[in-house]
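Chemist: Got coords_19.pdb for you, PDB, C-alpha atoms and all ligand atoms:
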ATOM      1  CA  MET A   1     -75.848  42.608 -69.231  1.00  0.00           C
ATOM      2  CA  ALA A   2     -72.556  44.494 -69.464  1.00  0.00           C
ATOM      3  CA  ALA A   3     -72.705  47.047 -66.637  1.00  0.00           C
ATOM      4  CA  ALA A   4     -74.459  47.059 -63.309  1.00  0.00           C
ATOM      5  CA  ARG A   5     -76.773  49.737 -64.710  1.00  0.00           C
ATOM      6  CA  HIS A   6     -77.084  50.339 -68.414  1.00  0.00           C
ATOM      7  CA  ILE A   7     -79.407  53.019 -69.770  1.00  0.00           C
ATOM      8  CA  VAL A   8     -80.514  53.347 -73.380  1.00  0.00           C
ATOM      9  CA  VAL A   9     -81.133  56.988 -74.345  1.00  0.00           C
ATOM     10  CA  LEU A  10     -83.332  57.456 -77.416  1.00  0.00           C
ATOM     11  CA  HIS A  11     -83.655  60.694 -79.353  1.00  0.00           C
ATOM     12  CA  GLY A  12     -86.520  60.997 -81.823  1.00  0.00           C
ATOM     13  CA  PRO A  13     -87.004  62.782 -85.125  1.00  0.00           C
ATOM     14  CA  ASN A  14     -85.139  65.986 -85.967  1.00  0.00           C
ATOM     15  CA  LEU A  15     -83.228  66.023 -82.697  1.00  0.00           C
ATOM     16  CA  ASN A  16     -80.076  65.480 -84.792  1.00  0.00           C
ATOM     17  CA  LEU A  17     -80.588  69.132 -85.820  1.00  0.00           C
ATOM     18  CA  LEU A  18     -80.193  70.415 -82.261  1.00  0.00           C
ATOM     19  CA  GLY A  19     -77.888  73.374 -81.941  1.00  0.00           C
ATOM     20  CA  THR A  20     -78.036  74.125 -85.654  1.00  0.00           C
ATOM     21  CA  ARG A  21     -81.599  75.500 -86.155  1.00  0.00           C
ATOM     22  CA  GLU A  22     -84.330  77.177 -84.067  1.00  0.00           C
ATOM     23  CA  PRO A  23     -81.970  78.061 -81.175  1.00  0.00           C
ATOM     24  CA  GLU A  24     -84.685  80.306 -79.689  1.00  0.00           C
ATOM     25  CA  ILE A  25     -86.761  77.182 -78.943  1.00  0.00           C
ATOM     26  CA  TYR A  26     -84.219  74.390 -78.616  1.00  0.00           C
ATOM     27  CA  GLY A  27     -81.009  76.197 -77.624  1.00  0.00           C
ATOM     28  CA  THR A  28     -77.504  75.979 -79.025  1.00  0.00           C
ATOM     29  CA  THR A  29     -76.288  72.732 -77.468  1.00  0.00           C
ATOM     30  CA  THR A  30     -75.812  69.955 -80.032  1.00  0.00           C
ATOM     31  CA  LEU A  31     -77.003  66.385 -79.628  1.00  0.00           C
ATOM     32  CA  ALA A  32     -73.375  65.204 -79.599  1.00  0.00           C
ATOM     33  CA  GLU A  33     -72.695  67.534 -76.649  1.00  0.00           C
ATOM     34  CA  ILE A  34     -75.740  66.224 -74.754  1.00  0.00           C
ATOM     35  CA  ASN A  35     -74.611  62.649 -75.398  1.00  0.00           C
ATOM     36  CA  GLN A  36     -71.092  63.460 -74.156  1.00  0.00           C
ATOM     37  CA  VAL A  37     -72.443  64.880 -70.895  1.00  0.00           C
ATOM     38  CA  LEU A  38     -74.768  61.890 -70.423  1.00  0.00           C
ATOM     39  CA  THR A  39     -71.887  59.484 -71.013  1.00  0.00           C
ATOM     40  CA  ALA A  40     -69.643  61.312 -68.531  1.00  0.00           C
ATOM     41  CA  ARG A  41     -72.377  61.576 -65.889  1.00  0.00           C
ATOM     42  CA  ALA A  42     -73.259  57.901 -66.226  1.00  0.00           C
ATOM     43  CA  GLU A  43     -69.598  56.923 -65.970  1.00  0.00           C
ATOM     44  CA  ALA A  44     -69.191  59.034 -62.823  1.00  0.00           C
ATOM     45  CA  SER A  45     -72.038  57.024 -61.283  1.00  0.00           C
ATOM     46  CA  GLY A  46     -70.579  53.683 -62.347  1.00  0.00           C
ATOM     47  CA  ALA A  47     -73.209  53.233 -65.039  1.00  0.00           C
ATOM     48  CA  THR A  48     -73.188  53.206 -68.836  1.00  0.00           C
ATOM     49  CA  VAL A  49     -75.385  54.821 -71.480  1.00  0.00           C
ATOM     50  CA  GLU A  50     -75.999  54.072 -75.115  1.00  0.00           C
ATOM     51  CA  CYS A  51     -77.327  57.098 -77.023  1.00  0.00           C
ATOM     52  CA  LEU A  52     -79.243  56.527 -80.255  1.00  0.00           C
ATOM     53  CA  GLN A  53     -81.124  58.882 -82.573  1.00  0.00           C
ATOM     54  CA  SER A  54     -83.586  58.068 -85.319  1.00  0.00           C
ATOM     55  CA  ASN A  55     -85.961  59.982 -87.543  1.00  0.00           C
ATOM     56  CA  SER A  56     -87.995  56.851 -88.119  1.00  0.00           C
ATOM     57  CA  GLU A  57     -90.803  55.589 -85.881  1.00  0.00           C
ATOM     58  CA  GLY A  58     -90.107  51.958 -86.779  1.00  0.00           C
ATOM     59  CA  GLU A  59     -86.423  52.282 -85.982  1.00  0.00           C
ATOM     60  CA  LEU A  60     -87.209  53.828 -82.590  1.00  0.00           C
ATOM     61  CA  ILE A  61     -89.492  50.872 -81.873  1.00  0.00           C
ATOM     62  CA  ASP A  62     -86.700  48.480 -82.906  1.00  0.00           C
ATOM     63  CA  HIS A  63     -84.342  50.272 -80.487  1.00  0.00           C
ATOM     64  CA  ILE A  64     -86.919  50.034 -77.675  1.00  0.00           C
ATOM     65  CA  GLN A  65     -87.378  46.311 -78.296  1.00  0.00           C
ATOM     66  CA  ALA A  66     -83.609  45.787 -78.471  1.00  0.00           C
ATOM     67  CA  ALA A  67     -83.217  47.470 -75.086  1.00  0.00           C
ATOM     68  CA  ARG A  68     -84.844  44.450 -73.469  1.00  0.00           C
ATOM     69  CA  GLY A  69     -82.052  42.163 -72.362  1.00  0.00           C
ATOM     70  CA  LYS A  70     -79.311  44.786 -72.551  1.00  0.00           C
ATOM     71  CA  ALA A  71     -80.613  47.803 -70.610  1.00  0.00           C
ATOM     72  CA  HIS A  72     -82.117  48.404 -67.196  1.00  0.00           C
ATOM     73  CA  ALA A  73     -83.996  51.566 -68.146  1.00  0.00           C
ATOM     74  CA  ILE A  74     -84.830  53.797 -71.099  1.00  0.00           C
ATOM     75  CA  VAL A  75     -84.657  57.578 -71.341  1.00  0.00           C
ATOM     76  CA  ILE A  76     -86.604  58.760 -74.378  1.00  0.00           C
ATOM     77  CA  ASN A  77     -87.382  62.007 -76.147  1.00  0.00           C
ATOM     78  CA  PRO A  78     -89.846  60.798 -78.783  1.00  0.00           C
ATOM     79  CA  GLY A  79     -89.844  64.249 -80.462  1.00  0.00           C
ATOM     80  CA  ALA A  80     -93.005  64.893 -82.472  1.00  0.00           C
ATOM     81  CA  TYR A  81     -93.963  61.189 -82.168  1.00  0.00           C
ATOM     82  CA  THR A  82     -94.827  62.064 -78.569  1.00  0.00           C
ATOM     83  CA  HIS A  83     -98.056  63.531 -79.861  1.00  0.00           C
ATOM     84  CA  THR A  84     -98.976  60.841 -82.397  1.00  0.00           C
ATOM     85  CA  SER A  85     -97.437  57.454 -81.675  1.00  0.00           C
ATOM     86  CA  VAL A  86     -99.550  54.751 -80.080  1.00  0.00           C
ATOM     87  CA  ALA A  87     -96.956  52.338 -81.535  1.00  0.00           C
ATOM     88  CA  ILE A  88     -94.062  53.802 -79.526  1.00  0.00           C
ATOM     89  CA  ALA A  89     -96.239  53.823 -76.399  1.00  0.00           C
ATOM     90  CA  ASP A  90     -97.098  50.141 -77.026  1.00  0.00           C
ATOM     91  CA  ALA A  91     -93.401  49.288 -77.498  1.00  0.00           C
ATOM     92  CA  LEU A  92     -92.477  51.015 -74.229  1.00  0.00           C
ATOM     93  CA  ARG A  93     -95.196  49.071 -72.408  1.00  0.00           C
ATOM     94  CA  GLY A  94     -94.169  45.896 -74.218  1.00  0.00           C
ATOM     95  CA  VAL A  95     -90.549  45.820 -73.061  1.00  0.00           C
ATOM     96  CA  GLY A  96     -91.458  46.315 -69.434  1.00  0.00           C
ATOM     97  CA  LEU A  97     -88.406  48.459 -68.642  1.00  0.00           C
ATOM     98  CA  PRO A  98     -88.777  51.642 -66.615  1.00  0.00           C
ATOM     99  CA  ALA A  99     -88.805  54.551 -69.072  1.00  0.00           C
ATOM    100  CA  ILE A 100     -88.496  58.268 -68.492  1.00  0.00           C
ATOM    101  CA  GLU A 101     -89.825  60.739 -71.045  1.00  0.00           C
ATOM    102  CA  VAL A 102     -87.773  63.844 -71.730  1.00  0.00           C
ATOM    103  CA  HIS A 103     -88.511  67.108 -73.494  1.00  0.00           C
ATOM    104  CA  LEU A 104     -86.247  70.079 -73.955  1.00  0.00           C
ATOM    105  CA  SER A 105     -89.193  72.474 -74.057  1.00  0.00           C
ATOM    106  CA  ASN A 106     -92.127  72.834 -71.673  1.00  0.00           C
ATOM    107  CA  LEU A 107     -94.915  71.281 -73.733  1.00  0.00           C
ATOM    108  CA  GLN A 108     -97.604  72.897 -71.571  1.00  0.00           C
ATOM    109  CA  LYS A 109     -96.405  76.341 -72.677  1.00  0.00           C
ATOM    110  CA  ARG A 110     -96.502  75.491 -76.383  1.00  0.00           C
ATOM    111  CA  GLU A 111     -99.128  74.827 -79.068  1.00  0.00           C
ATOM    112  CA  PRO A 112    -102.231  72.888 -77.897  1.00  0.00           C
ATOM    113  CA  TYR A 113    -101.347  69.880 -80.088  1.00  0.00           C
ATOM    114  CA  ARG A 114     -98.080  69.482 -78.154  1.00  0.00           C
ATOM    115  CA  ARG A 115     -99.862  69.298 -74.790  1.00  0.00           C
ATOM    116  CA  ARG A 116    -101.009  65.723 -75.349  1.00  0.00           C
ATOM    117  CA  SER A 117     -98.469  62.908 -75.047  1.00  0.00           C
ATOM    118  CA  TYR A 118     -99.361  59.350 -76.071  1.00  0.00           C
ATOM    119  CA  THR A 119     -96.033  58.078 -74.786  1.00  0.00           C
ATOM    120  CA  ALA A 120     -95.983  59.673 -71.314  1.00  0.00           C
ATOM    121  CA  ALA A 121     -98.552  57.204 -69.968  1.00  0.00           C
ATOM    122  CA  ALA A 122     -96.142  54.363 -70.817  1.00  0.00           C
ATOM    123  CA  CYS A 123     -93.355  56.016 -68.795  1.00  0.00           C
ATOM    124  CA  VAL A 124     -92.659  56.294 -65.097  1.00  0.00           C
ATOM    125  CA  GLY A 125     -92.551  60.081 -65.408  1.00  0.00           C
ATOM    126  CA  THR A 126     -91.718  63.032 -67.616  1.00  0.00           C
ATOM    127  CA  ILE A 127     -89.104  65.777 -67.323  1.00  0.00           C
ATOM    128  CA  ALA A 128     -89.679  68.758 -69.597  1.00  0.00           C
ATOM    129  CA  GLY A 129     -88.734  72.382 -69.989  1.00  0.00           C
ATOM    130  CA  PHE A 130     -85.143  72.426 -68.768  1.00  0.00           C
ATOM    131  CA  GLY A 131     -83.389  72.312 -72.141  1.00  0.00           C
ATOM    132  CA  PRO A 132     -80.501  69.807 -72.228  1.00  0.00           C
ATOM    133  CA  ARG A 133     -80.751  69.566 -68.423  1.00  0.00           C
ATOM    134  CA  SER A 134     -84.010  67.665 -68.912  1.00  0.00           C
ATOM    135  CA  TYR A 135     -81.882  64.774 -70.199  1.00  0.00           C
ATOM    136  CA  TYR A 136     -79.411  64.998 -67.306  1.00  0.00           C
ATOM    137  CA  LEU A 137     -82.244  65.077 -64.757  1.00  0.00           C
ATOM    138  CA  ALA A 138     -83.873  62.112 -66.487  1.00  0.00           C
ATOM    139  CA  LEU A 139     -80.627  60.128 -66.298  1.00  0.00           C
ATOM    140  CA  ASP A 140     -80.368  60.962 -62.574  1.00  0.00           C
ATOM    141  CA  ALA A 141     -83.996  59.889 -62.131  1.00  0.00           C
ATOM    142  CA  ALA A 142     -83.389  56.605 -63.959  1.00  0.00           C
ATOM    143  CA  LEU A 143     -80.294  55.813 -61.865  1.00  0.00           C
ATOM    144  CA  ASP A 144     -82.132  56.758 -58.695  1.00  0.00           C
ATOM    145  CA  LEU A 145     -85.045  54.538 -59.666  1.00  0.00           C
ATOM    146  CA  LEU A 146     -82.730  51.571 -60.298  1.00  0.00           C
ATOM    147  CA  GLU A 147     -80.917  52.227 -57.032  1.00  0.00           C
ATOM    148  CA  GLY A 148     -84.192  51.879 -55.178  1.00  0.00           C
ATOM    149  CA  GLN A 149     -85.139  48.589 -56.873  1.00  0.00           C
TER     150      GLN A 149
HETATM  151  O1  LIG B 201     -89.190  69.754 -76.517  1.00  0.00           O
HETATM  152  C1  LIG B 201     -88.874  68.660 -77.013  1.00  0.00           C
HETATM  153  O2  LIG B 201     -87.885  68.020 -76.631  1.00  0.00           O
HETATM  154  C2  LIG B 201     -89.676  68.091 -78.188  1.00  0.00           C
HETATM  155  O3  LIG B 201     -89.732  66.676 -78.032  1.00  0.00           O
HETATM  156  C3  LIG B 201     -88.918  68.457 -79.444  1.00  0.00           C
HETATM  157  C4  LIG B 201     -89.654  68.033 -80.726  1.00  0.00           C
HETATM  158  C5  LIG B 201     -91.096  68.536 -80.711  1.00  0.00           C
HETATM  159  O4  LIG B 201     -91.791  68.055 -81.843  1.00  0.00           O
HETATM  160  C6  LIG B 201     -91.824  68.112 -79.463  1.00  0.00           C
HETATM  161  O5  LIG B 201     -93.130  68.656 -79.491  1.00  0.00           O
HETATM  162  C7  LIG B 201     -91.098  68.609 -78.226  1.00  0.00           C
HETATM  163  C8  LIG B 201     -88.964  68.613 -81.949  1.00  0.00           C
HETATM  164  C9  LIG B 201     -87.522  68.275 -82.079  1.00  0.00           C
HETATM  165  C10 LIG B 201     -86.997  69.030 -83.241  1.00  0.00           C
HETATM  166  O6  LIG B 201     -85.739  69.550 -82.889  1.00  0.00           O
HETATM  167  C11 LIG B 201     -85.223  70.501 -83.694  1.00  0.00           C
HETATM  168  C12 LIG B 201     -84.042  71.030 -83.288  1.00  0.00           C
HETATM  169  C13 LIG B 201     -83.466  72.018 -84.040  1.00  0.00           C
HETATM  170  C14 LIG B 201     -84.055  72.451 -85.211  1.00  0.00           C
HETATM  171  C15 LIG B 201     -85.249  71.900 -85.621  1.00  0.00           C
HETATM  172  C16 LIG B 201     -85.830  70.914 -84.873  1.00  0.00           C
END
Go ahead and express the file in the form of structure tokens.

Modeler:
Amino acid sequence: MAAARHIVVLHGPNLNLLGTREPEIYGTTTLAEINQVLTARAEASGATVECLQSNSEGELIDHIQAARGKAHAIVINPGAYTHTSVAIADALRGVGLPAIEVHLSNLQKREPYRRRSYTAAACVGTIAGFGPRSYYLALDAALDLLEGQ
């Protein structure tokens, strides 16, 4: 593996629209800006990140499987697949890497169908409700977790 700690960050469906639509729910920060901050924060800690986005469930699963052998942990916002995807949960369990689930919004304050996550049970923990900071906190948590291993 390239770096001492390499984290794959996965963004699910529609997150490529961040900062362009529904700013009242998802804010005005773009995905590119979030990825820049993650890259800089990882670098400052002597780690590396690879940020990937897909609107396709199968592609996200391919990225999760590809993380095995190149990454030490996964940070994932599965988007709406959070609430539907047994397949993504299975993939996360299958690769055996520590994963941290991220959400921009606080799912517990939203519609009832968003309160259930299929993927959270395959992750070490979940950080939700802090907007883009959810990602930064998740990266910190992943690095902290690896530090303690
Ligand atoms: O709060 C989160 O991070 C979510 O994962 C975001 C998903 C939503 O389906 C989950 O329930 C919670 C939606 C991402 C869509 O992002 C957009 C951003 C701008 C405009 C439209 C959609």

Chemist: Using 10 Å as the limit and counting all atoms listed in the file, can you tabulate each residue of chain A that touches ligand LIG 201 (chain B), with its shortest atom-to-atom distance in Å and the two atoms involved, as JSON lines?

Modeler:
{"residue": "A:His11", "atom": "CA", "partner": "B:LIG201", "partner_atom": "O3", "distance": 8.6}
{"residue": "A:Gly12", "atom": "CA", "partner": "B:LIG201", "partner_atom": "C9", "distance": 7.4}
{"residue": "A:Pro13", "atom": "CA", "partner": "B:LIG201", "partner_atom": "C9", "distance": 6.3}
{"residue": "A:Asn14", "atom": "CA", "partner": "B:LIG201", "partner_atom": "C10", "distance": 4.5}
{"residue": "A:Leu15", "atom": "CA", "partner": "B:LIG201", "partner_atom": "O6", "distance": 4.3}
{"residue": "A:Asn16", "atom": "CA", "partner": "B:LIG201", "partner_atom": "C12", "distance": 7.0}
{"residue": "A:Leu17", "atom": "CA", "partner": "B:LIG201", "partner_atom": "C13", "distance": 4.4}
{"residue": "A:Leu18", "atom": "CA", "partner": "B:LIG201", "partner_atom": "C12", "distance": 4.0}
{"residue": "A:Gly19", "atom": "CA", "partner": "B:LIG201", "partner_atom": "C13", "distance": 6.1}
{"residue": "A:Thr20", "atom": "CA", "partner": "B:LIG201", "partner_atom": "C13", "distance": 6.0}
{"residue": "A:Arg21", "atom": "CA", "partner": "B:LIG201", "partner_atom": "C14", "distance": 4.0}
{"residue": "A:Glu22", "atom": "CA", "partner": "B:LIG201", "partner_atom": "C14", "distance": 4.9}
{"residue": "A:Pro23", "atom": "CA", "partner": "B:LIG201", "partner_atom": "C13", "distance": 6.9}
{"residue": "A:Glu24", "atom": "CA", "partner": "B:LIG201", "partner_atom": "C13", "distance": 9.4}
{"residue": "A:Ile25", "atom": "CA", "partner": "B:LIG201", "partner_atom": "C13", "distance": 8.0}
{"residue": "A:Tyr26", "atom": "CA", "partner": "B:LIG201", "partner_atom": "C12", "distance": 5.8}
{"residue": "A:Gly27", "atom": "CA", "partner": "B:LIG201", "partner_atom": "C13", "distance": 8.0}
{"residue": "A:Thr28", "atom": "CA", "partner": "B:LIG201", "partner_atom": "C13", "distance": 8.7}
{"residue": "A:Thr29", "atom": "CA", "partner": "B:LIG201", "partner_atom": "C13", "distance": 9.8}
{"residue": "A:Thr30", "atom": "CA", "partner": "B:LIG201", "partner_atom": "C13", "distance": 8.9}
{"residue": "A:Leu31", "atom": "CA", "partner": "B:LIG201", "partner_atom": "C12", "distance": 9.2}
{"residue": "A:Ile76", "atom": "CA", "partner": "B:LIG201", "partner_atom": "O3", "distance": 9.3}
{"residue": "A:Asn77", "atom": "CA", "partner": "B:LIG201", "partner_atom": "O3", "distance": 5.6}
{"residue": "A:Pro78", "atom": "CA", "partner": "B:LIG201", "partner_atom": "O3", "distance": 5.9}
{"residue": "A:Gly79", "atom": "CA", "partner": "B:LIG201", "partner_atom": "O3", "distance": 3.4}
{"residue": "A:Ala80", "atom": "CA", "partner": "B:LIG201", "partner_atom": "O4", "distance": 3.4}
{"residue": "A:Tyr81", "atom": "CA", "partner": "B:LIG201", "partner_atom": "O4", "distance": 7.2}
{"residue": "A:Thr82", "atom": "CA", "partner": "B:LIG201", "partner_atom": "C6", "distance": 6.8}
{"residue": "A:His83", "atom": "CA", "partner": "B:LIG201", "partner_atom": "O5", "distance": 7.1}
{"residue": "A:Glu101", "atom": "CA", "partner": "B:LIG201", "partner_atom": "O3", "distance": 9.2}
{"residue": "A:Val102", "atom": "CA", "partner": "B:LIG201", "partner_atom": "O2", "distance": 6.4}
{"residue": "A:His103", "atom": "CA", "partner": "B:LIG201", "partner_atom": "O2", "distance": 3.3}
{"residue": "A:Leu104", "atom": "CA", "partner": "B:LIG201", "partner_atom": "O2", "distance": 3.8}
{"residue": "A:Ser105", "atom": "CA", "partner": "B:LIG201", "partner_atom": "O1", "distance": 3.7}
{"residue": "A:Asn106", "atom": "CA", "partner": "B:LIG201", "partner_atom": "O1", "distance": 6.4}
{"residue": "A:Leu107", "atom": "CA", "partner": "B:LIG201", "partner_atom": "C7", "distance": 6.5}
{"residue": "A:Arg110", "atom": "CA", "partner": "B:LIG201", "partner_atom": "O5", "distance": 8.2}
{"residue": "A:Glu111", "atom": "CA", "partner": "B:LIG201", "partner_atom": "O5", "distance": 8.6}
{"residue": "A:Tyr113", "atom": "CA", "partner": "B:LIG201", "partner_atom": "O5", "distance": 8.3}
{"residue": "A:Arg114", "atom": "CA", "partner": "B:LIG201", "partner_atom": "O5", "distance": 5.2}
{"residue": "A:Arg115", "atom": "CA", "partner": "B:LIG201", "partner_atom": "O5", "distance": 8.2}
{"residue": "A:Arg116", "atom": "CA", "partner": "B:LIG201", "partner_atom": "O5", "distance": 9.4}
{"residue": "A:Ser117", "atom": "CA", "partner": "B:LIG201", "partner_atom": "O5", "distance": 9.0}
{"residue": "A:Ile127", "atom": "CA", "partner": "B:LIG201", "partner_atom": "O2", "distance": 9.7}
{"residue": "A:Ala128", "atom": "CA", "partner": "B:LIG201", "partner_atom": "O1", "distance": 7.0}
{"residue": "A:Gly129", "atom": "CA", "partner": "B:LIG201", "partner_atom": "O1", "distance": 7.1}
{"residue": "A:Phe130", "atom": "CA", "partner": "B:LIG201", "partner_atom": "O1", "distance": 9.1}
{"residue": "A:Gly131", "atom": "CA", "partner": "B:LIG201", "partner_atom": "O2", "distance": 7.7}
{"residue": "A:Pro132", "atom": "CA", "partner": "B:LIG201", "partner_atom": "O2", "distance": 8.8}
{"residue": "A:Ser134", "atom": "CA", "partner": "B:LIG201", "partner_atom": "O2", "distance": 8.6}
{"residue": "A:Tyr135", "atom": "CA", "partner": "B:LIG201", "partner_atom": "O2", "distance": 9.4}

Chemist: For a quick check of understanding, using all atoms listed in the file, which of A:Ala66, A:Ala122, A:Ala4, A:Val75 has the smallest distance to Ala87 of chain A?

Modeler: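 Ranking A:Ala66, A:Ala122, A:Ala4, A:Val75 by distance to Ala87 of chain A, first place goes to A:Ala122.
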
Chemist: Around (-87.2, 45.6, -80.2), as given in the file, which residues come within 12 Å? Count only C-alpha atoms and list them as a PyMOL selection string.

Modeler: chain A and resi 58-71+87-88+90-97

Chemist: Can you tell me how far atom CA of Ala47 of chain A sits from atom CA of His6 of chain A, in Å to one decimal?

Modeler: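 Atom-to-atom, atom CA of Ala47 of chain A to atom CA of His6 of chain A, that is 5.9 Å.
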
Chemist: What does the distance from atom CA of His72 of chain A to atom CA of Gln108 of chain A come to in Å, to one decimal?

Modeler: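 So the two atoms, atom CA of His72 of chain A and atom CA of Gln108 of chain A, lie 29.3 Å apart.
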
Chemist: Can you pull out every residue within 9 Å of Arg41 of chain A, counting only C-alpha atoms, but drop anything in the same chain fewer than 5 positions away, and send it as a ChimeraX atom specification?

Modeler: /A:36,46-48,136,139-140

Chemist: Given the file above and the PyMOL selection byres (((chain A and resi 146) around 10) and not hetatm), which residues are selected, and can you give them as a VMD selection string?

Modeler: chain A and resid 4 to 6 72 to 73 98 140 to 145 147 to 149

Chemist: For segment 133-144 of chain A, take all atoms listed in the file, fit an axis-aligned box around them, add 4 Å to each of the six sides, then output centre and edge lengths in Å rounded to one decimal, as lines of an AutoDock Vina configuration file.

Modeler:
center_x = -81.7
center_y = 62.7
center_z = -64.4
size_x = 12.6
size_y = 21.8
size_z = 19.5

Chemist: Kindly resolve the PyMOL selection byres (((chain A and resi 49) around 8) and not hetatm) on the present coordinates and return the residues as a list in words.

Modeler: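 With the PyMOL selection byres (((chain A and resi 49) around 8) and not hetatm) on this model, the match is His6, Ile7, Val8, Val9, Leu38, Thr39, Ala42, Ala47, Thr48, Glu50 and Cys51 of chain A.
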
Chemist: For the residues selected in the previous step, produce a file with C-alpha atoms as a tab-separated table (two decimals), in the frame of the given file.

Modeler:
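Generated file (again.tsv):
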chain	number	residue	atom	x	y	z
A	6	HIS	CA	-77.08	50.34	-68.41
A	7	ILE	CA	-79.41	53.02	-69.77
A	8	VAL	CA	-80.51	53.35	-73.38
A	9	VAL	CA	-81.13	56.99	-74.34
A	38	LEU	CA	-74.77	61.89	-70.42
A	39	THR	CA	-71.89	59.48	-71.01
A	42	ALA	CA	-73.26	57.90	-66.23
A	47	ALA	CA	-73.21	53.23	-65.04
A	48	THR	CA	-73.19	53.21	-68.84
A	50	GLU	CA	-76.00	54.07	-75.11
A	51	CYS	CA	-77.33	57.10	-77.02

Chemist: What does the distance from atom CA of Ala120 of chain A to atom CA of Ala99 of chain A come to in Å, to one decimal?

Modeler: 9.1 Å
